[in-house]
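Peer 1: Structure incoming, see below.
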Amino acid sequence: MERGYPPKNINNYQPKFFLELSNPNEEVRKIAKPNTAPYWKWVYGWWPEGPQEENRDFHFIDDPVNAFISADCLGKCALLSTDDDPYPELLASQYGPGANVFSICIPTFKQIDEHTYQIFPAGSHKWKCFEVKYDALDKEKEYPKLYEILEKNGFRYIKEVDVPKDILPEIVFDVQKPPESLIIEKAEKPVPSPEMPTSVGPAVPAITSEQMPSPTPESNAEETPGFGIGEVLASLAAAGIATLKIRKKK
């Protein structure tokens, strides 16, 4: 887990996982058809042979299952619901119920914009983890307390599955915006300045002649450089004087 997932590439860059939702404020249900391996393995090939491109990031459009699997949600997992219907929104890493501990770690996100969420890999230790510990003799009585802890935090436990073996097509997932409790970082919004639009309206600063931008090659690609109306008149006047001098010589 120290290296994180996915592994860094040959340029020492660690790609990021993004979940993009086409309708983040609407509930959409989707039949789960995950890949049979983490997505980064399909793109990279088996490590350490490495990728062929630098700085490759992975985007999953309306595909939370593959996104979670690729963010290292593998092995025994919990299907969790965040509302009252029986359809899960989240995959979570599950350990147990074992002889002495039962724990569930839920993926967390950084919100990039209204539609896009970066999924932190499990190796980042930013996932939300809940657990109960008990003596082996008290296992059957104590481990269900974890379900109560999850419900107090807004997550309803549906069932456990082995990823990717038991994620079958008949499991239907809700595609929704992650709960606020799982969005642990949000992209910083720029602070409005006098030159930036505000809620009142855009501020339009006065531009003096000294502040006018000089022509750029792009803006004059189809024009003759420096030929405004003033320059045209000056050029015509100069041409007239030159013609007059030539006639005098003759």
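Starting from 1 in every chain, residues are counted up; chains themselves are A, B, ... following the order of the structure tokens, and ligands are numbered from 1 as listed.
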Taking the DSSP secondary structure from the backbone, can you list the residues of region 50-182 of chain A that are helix (DSSP H, G or I), as a list in words?
Peer 2: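 These are the residues in question: Pro64, Val65, Asn66, Ala67, Phe68, Ile69, Ser70, Ala122, Gly123, Ser124, Ala136, Leu137, Asp138, Lys139, Glu140, Lys141, Glu142, Lys145, Leu146, Tyr147, Glu148, Ile149, Leu150, Glu151, Lys152, Glu180, Ser181 and Leu182 of chain A.
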Peer 1: So that I can see what lies close to Leu79 (chain A), please list as a PyMOL selection string the residues with an atom at most 8 Å from it, counting only C-alpha atoms and leaving out residues fewer than 6 positions away in the same chain.
Peer 2: chain A and resi 88-92+157-161
Peer 1: Set the distance at 7 Å and use only C-alpha atoms: which residues neighbour Lys186 (chain A) once local chain neighbours fewer than 2 positions away are removed? I'd like the list as a VMD selection string.
Peer 2: chain A and resid 110 to 112 184 188
Peer 1: Please write the residues from the selection above to a file, keeping all heavy atoms, as an mmCIF file, in the first residue's frame.
Peer 2:
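Below is the file that was written, part-v1.cif:
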```
data_model
loop_
_atom_site.group_PDB
_atom_site.id
_atom_site.type_symbol
_atom_site.label_atom_id
_atom_site.label_comp_id
_atom_site.auth_asym_id
_atom_site.auth_seq_id
_atom_site.Cartn_x
_atom_site.Cartn_y
_atom_site.Cartn_z
ATOM 1 N N LYS A 110 -12.250 14.135 -4.137
ATOM 2 C CA LYS A 110 -11.996 15.574 -4.248
ATOM 3 C C LYS A 110 -12.876 16.084 -5.373
ATOM 4 O O LYS A 110 -12.842 15.545 -6.485
ATOM 5 C CB LYS A 110 -10.529 15.860 -4.572
ATOM 6 C CG LYS A 110 -10.243 17.348 -4.787
ATOM 7 C CD LYS A 110 -8.766 17.595 -5.064
ATOM 8 C CE LYS A 110 -8.498 19.074 -5.276
ATOM 9 N NZ LYS A 110 -7.054 19.343 -5.515
ATOM 10 N N GLN A 111 -13.675 17.102 -5.096
ATOM 11 C CA GLN A 111 -14.558 17.630 -6.132
ATOM 12 C C GLN A 111 -13.770 18.590 -7.013
ATOM 13 O O GLN A 111 -13.228 19.586 -6.544
ATOM 14 C CB GLN A 111 -15.758 18.351 -5.510
ATOM 15 C CG GLN A 111 -16.759 18.806 -6.564
ATOM 16 C CD GLN A 111 -18.077 19.260 -5.970
ATOM 17 O OE1 GLN A 111 -18.251 19.301 -4.767
ATOM 18 N NE2 GLN A 111 -19.006 19.602 -6.831
ATOM 19 N N ILE A 112 -13.717 18.261 -8.302
ATOM 20 C CA ILE A 112 -12.986 19.096 -9.247
ATOM 21 C C ILE A 112 -13.905 20.179 -9.803
ATOM 22 O O ILE A 112 -13.528 21.343 -9.903
ATOM 23 C CB ILE A 112 -12.414 18.238 -10.399
ATOM 24 C CG1 ILE A 112 -11.542 17.113 -9.827
ATOM 25 C CG2 ILE A 112 -11.617 19.095 -11.373
ATOM 26 C CD1 ILE A 112 -10.370 17.579 -8.991
ATOM 27 N N ILE A 184 -13.998 15.143 0.618
ATOM 28 C CA ILE A 184 -13.158 15.700 1.678
ATOM 29 C C ILE A 184 -12.314 16.872 1.208
ATOM 30 O O ILE A 184 -11.693 17.547 2.021
ATOM 31 C CB ILE A 184 -12.267 14.612 2.292
ATOM 32 C CG1 ILE A 184 -11.339 14.002 1.243
ATOM 33 C CG2 ILE A 184 -13.102 13.522 2.931
ATOM 34 C CD1 ILE A 184 -10.364 12.993 1.826
ATOM 35 N N GLU A 188 -10.675 24.908 -5.107
ATOM 36 C CA GLU A 188 -10.798 26.289 -4.664
ATOM 37 C C GLU A 188 -11.376 27.140 -5.784
ATOM 38 O O GLU A 188 -10.950 27.060 -6.930
ATOM 39 C CB GLU A 188 -9.433 26.835 -4.252
ATOM 40 C CG GLU A 188 -8.853 26.152 -3.020
ATOM 41 C CD GLU A 188 -7.522 26.762 -2.611
ATOM 42 O OE1 GLU A 188 -7.111 27.728 -3.276
ATOM 43 O OE2 GLU A 188 -6.922 26.270 -1.641
#
```
Peer 1: Can you pull out the residues contacting Leu146 (chain A)? Cut-off 10 Å, using only C-alpha atoms, and skip same-chain residues under 2 positions away; I want them as an NGL selection string.
Peer 2: :A and (97 or 101-104 or 130-133 or 142-144 or 148-152 or 157)
Peer 1: Print the selection's residues with all heavy atoms to a file, as a compact mmCIF listing (two decimals), in the first residue's frame.
Peer 2:
```txt
# COMPACT_ATOMS: atom_id res chain seq x y z
N PRO A 97 -16.61 -10.02 8.61
CA PRO A 97 -16.37 -10.14 10.05
C PRO A 97 -15.33 -11.22 10.37
O PRO A 97 -15.53 -12.38 10.01
CB PRO A 97 -17.73 -10.51 10.62
CG PRO A 97 -18.72 -10.17 9.55
CD PRO A 97 -18.00 -10.33 8.26
N VAL A 101 -12.26 -8.51 14.58
CA VAL A 101 -12.52 -7.17 14.03
C VAL A 101 -13.37 -7.27 12.78
O VAL A 101 -13.31 -8.25 12.04
CB VAL A 101 -11.18 -6.43 13.73
CG1 VAL A 101 -10.43 -7.13 12.60
CG2 VAL A 101 -11.42 -4.96 13.39
N PHE A 102 -14.18 -6.24 12.57
CA PHE A 102 -14.99 -6.10 11.36
C PHE A 102 -14.88 -4.64 10.95
O PHE A 102 -15.18 -3.74 11.75
CB PHE A 102 -16.45 -6.47 11.67
CG PHE A 102 -17.38 -6.42 10.48
CD1 PHE A 102 -16.92 -6.58 9.18
CD2 PHE A 102 -18.74 -6.24 10.67
CE1 PHE A 102 -17.78 -6.55 8.09
CE2 PHE A 102 -19.62 -6.21 9.59
CZ PHE A 102 -19.14 -6.36 8.30
N SER A 103 -14.39 -4.38 9.73
CA SER A 103 -14.18 -2.99 9.31
C SER A 103 -14.58 -2.79 7.86
O SER A 103 -14.53 -3.72 7.05
CB SER A 103 -12.71 -2.60 9.50
OG SER A 103 -11.87 -3.33 8.63
N ILE A 104 -14.97 -1.56 7.57
CA ILE A 104 -15.33 -1.15 6.20
C ILE A 104 -14.71 0.21 5.93
O ILE A 104 -14.85 1.13 6.75
CB ILE A 104 -16.86 -1.10 6.04
CG1 ILE A 104 -17.42 -2.53 6.00
CG2 ILE A 104 -17.26 -0.35 4.77
CD1 ILE A 104 -18.92 -2.60 5.89
N PHE A 130 -14.59 2.58 9.22
CA PHE A 130 -15.37 2.30 10.41
C PHE A 130 -15.09 0.84 10.81
O PHE A 130 -14.98 -0.02 9.95
CB PHE A 130 -16.87 2.48 10.14
CG PHE A 130 -17.22 3.84 9.61
CD1 PHE A 130 -17.30 4.06 8.24
CD2 PHE A 130 -17.46 4.89 10.47
CE1 PHE A 130 -17.64 5.31 7.74
CE2 PHE A 130 -17.79 6.15 9.98
CZ PHE A 130 -17.88 6.35 8.62
N GLU A 131 -14.98 0.59 12.12
CA GLU A 131 -14.72 -0.77 12.55
C GLU A 131 -15.25 -1.01 13.96
O GLU A 131 -15.51 -0.06 14.72
CB GLU A 131 -13.22 -1.08 12.52
CG GLU A 131 -12.41 -0.33 13.57
CD GLU A 131 -10.95 -0.77 13.59
OE1 GLU A 131 -10.46 -1.33 12.59
OE2 GLU A 131 -10.30 -0.54 14.63
N VAL A 132 -15.44 -2.26 14.27
CA VAL A 132 -15.74 -2.70 15.63
C VAL A 132 -14.78 -3.83 15.97
O VAL A 132 -14.45 -4.65 15.11
CB VAL A 132 -17.22 -3.18 15.79
CG1 VAL A 132 -18.18 -2.02 15.65
CG2 VAL A 132 -17.55 -4.28 14.80
N LYS A 133 -14.32 -3.83 17.23
CA LYS A 133 -13.42 -4.88 17.71
C LYS A 133 -14.13 -5.65 18.82
O LYS A 133 -14.94 -5.08 19.56
CB LYS A 133 -12.12 -4.28 18.21
CG LYS A 133 -11.29 -3.64 17.10
CD LYS A 133 -9.97 -3.09 17.64
CE LYS A 133 -9.13 -2.48 16.52
NZ LYS A 133 -7.85 -1.92 17.02
N GLU A 142 -21.38 -9.01 18.55
CA GLU A 142 -20.78 -7.68 18.46
C GLU A 142 -20.62 -7.15 17.03
O GLU A 142 -20.74 -5.95 16.81
CB GLU A 142 -19.40 -7.69 19.14
CG GLU A 142 -19.45 -7.97 20.63
CD GLU A 142 -20.13 -6.84 21.39
OE1 GLU A 142 -19.98 -5.68 20.99
OE2 GLU A 142 -20.83 -7.13 22.39
N TYR A 143 -20.33 -8.04 16.06
CA TYR A 143 -20.01 -7.49 14.73
C TYR A 143 -21.18 -6.75 14.07
O TYR A 143 -20.96 -5.81 13.29
CB TYR A 143 -19.43 -8.57 13.80
CG TYR A 143 -20.41 -9.43 13.07
CD1 TYR A 143 -21.09 -8.95 11.95
CD2 TYR A 143 -20.64 -10.76 13.45
CE1 TYR A 143 -21.98 -9.75 11.25
CE2 TYR A 143 -21.52 -11.56 12.76
CZ TYR A 143 -22.19 -11.05 11.66
OH TYR A 143 -23.07 -11.84 10.96
N PRO A 144 -22.47 -7.10 14.33
CA PRO A 144 -23.55 -6.31 13.71
C PRO A 144 -23.58 -4.84 14.15
O PRO A 144 -24.26 -4.03 13.51
CB PRO A 144 -24.82 -7.05 14.18
CG PRO A 144 -24.37 -8.45 14.43
CD PRO A 144 -23.01 -8.29 15.01
N GLU A 148 -24.87 -0.58 12.49
CA GLU A 148 -25.48 0.56 13.17
C GLU A 148 -24.60 1.79 13.04
O GLU A 148 -25.09 2.91 12.84
CB GLU A 148 -25.70 0.22 14.66
CG GLU A 148 -26.64 -0.96 14.89
CD GLU A 148 -26.70 -1.37 16.35
OE1 GLU A 148 -26.20 -0.60 17.21
OE2 GLU A 148 -27.24 -2.46 16.64
N ILE A 149 -23.29 1.61 13.14
CA ILE A 149 -22.36 2.74 12.99
C ILE A 149 -22.46 3.32 11.59
O ILE A 149 -22.48 4.54 11.40
CB ILE A 149 -20.91 2.28 13.29
CG1 ILE A 149 -20.78 1.88 14.75
CG2 ILE A 149 -19.92 3.38 12.94
CD1 ILE A 149 -19.45 1.24 15.10
N LEU A 150 -22.53 2.44 10.59
CA LEU A 150 -22.67 2.90 9.21
C LEU A 150 -23.95 3.70 9.02
O LEU A 150 -23.94 4.78 8.40
CB LEU A 150 -22.64 1.72 8.24
CG LEU A 150 -21.29 1.01 8.06
CD1 LEU A 150 -21.48 -0.29 7.31
CD2 LEU A 150 -20.30 1.92 7.35
N GLU A 151 -25.06 3.21 9.57
CA GLU A 151 -26.34 3.90 9.40
C GLU A 151 -26.33 5.27 10.07
O GLU A 151 -26.90 6.23 9.56
CB GLU A 151 -27.47 3.04 9.95
CG GLU A 151 -27.77 1.84 9.07
CD GLU A 151 -29.04 1.10 9.46
OE1 GLU A 151 -29.74 1.59 10.38
OE2 GLU A 151 -29.34 0.05 8.86
N LYS A 152 -25.65 5.39 11.20
CA LYS A 152 -25.54 6.70 11.86
C LYS A 152 -24.77 7.69 11.00
O LYS A 152 -24.93 8.89 11.13
CB LYS A 152 -24.86 6.54 13.22
CG LYS A 152 -25.74 5.90 14.28
CD LYS A 152 -24.99 5.76 15.60
CE LYS A 152 -25.87 5.09 16.64
NZ LYS A 152 -25.15 4.90 17.92
N TYR A 157 -25.89 -0.77 4.81
CA TYR A 157 -25.21 -1.96 4.31
C TYR A 157 -26.20 -2.87 3.61
O TYR A 157 -27.24 -3.22 4.18
CB TYR A 157 -24.56 -2.69 5.49
CG TYR A 157 -23.70 -3.87 5.11
CD1 TYR A 157 -22.33 -3.73 4.96
CD2 TYR A 157 -24.24 -5.14 4.94
CE1 TYR A 157 -21.52 -4.81 4.63
CE2 TYR A 157 -23.45 -6.23 4.62
CZ TYR A 157 -22.09 -6.06 4.46
OH TYR A 157 -21.29 -7.13 4.13
```
Peer 1: Which distance in Å separates CA of Pro15 (chain A) and CA of Val43 (chain A), to one decimal?
Peer 2: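 Atom-to-atom, CA of Pro15 (chain A) and CA of Val43 (chain A) are spaced 11.3 Å apart.
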Peer 1: Pick out the closest residue to Gln14 (chain A) from this set: A:Arg156, A:His125, A:Lys30, A:Arg56. Count only C-alpha atoms.
Peer 2: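 Closest residue, counting only C-alpha atoms: A:Arg56.
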Peer 1: Can you tell me which residues surround Leu19 (chain A) at a distance of at most 10 Å, considering only C-alpha atoms, apart from same-chain residues fewer than 5 positions away, and format the answer as a list in words?
Peer 2: Phe58, His59, Phe60, Ile61, Asp62, Asp63, Pro64, Val65, Asn66, Ala67, Phe68, Phe109, Gln111, Ile112, His115, Thr116, Tyr117, Gln118, Ile119, Lys177 and Pro178 of chain A
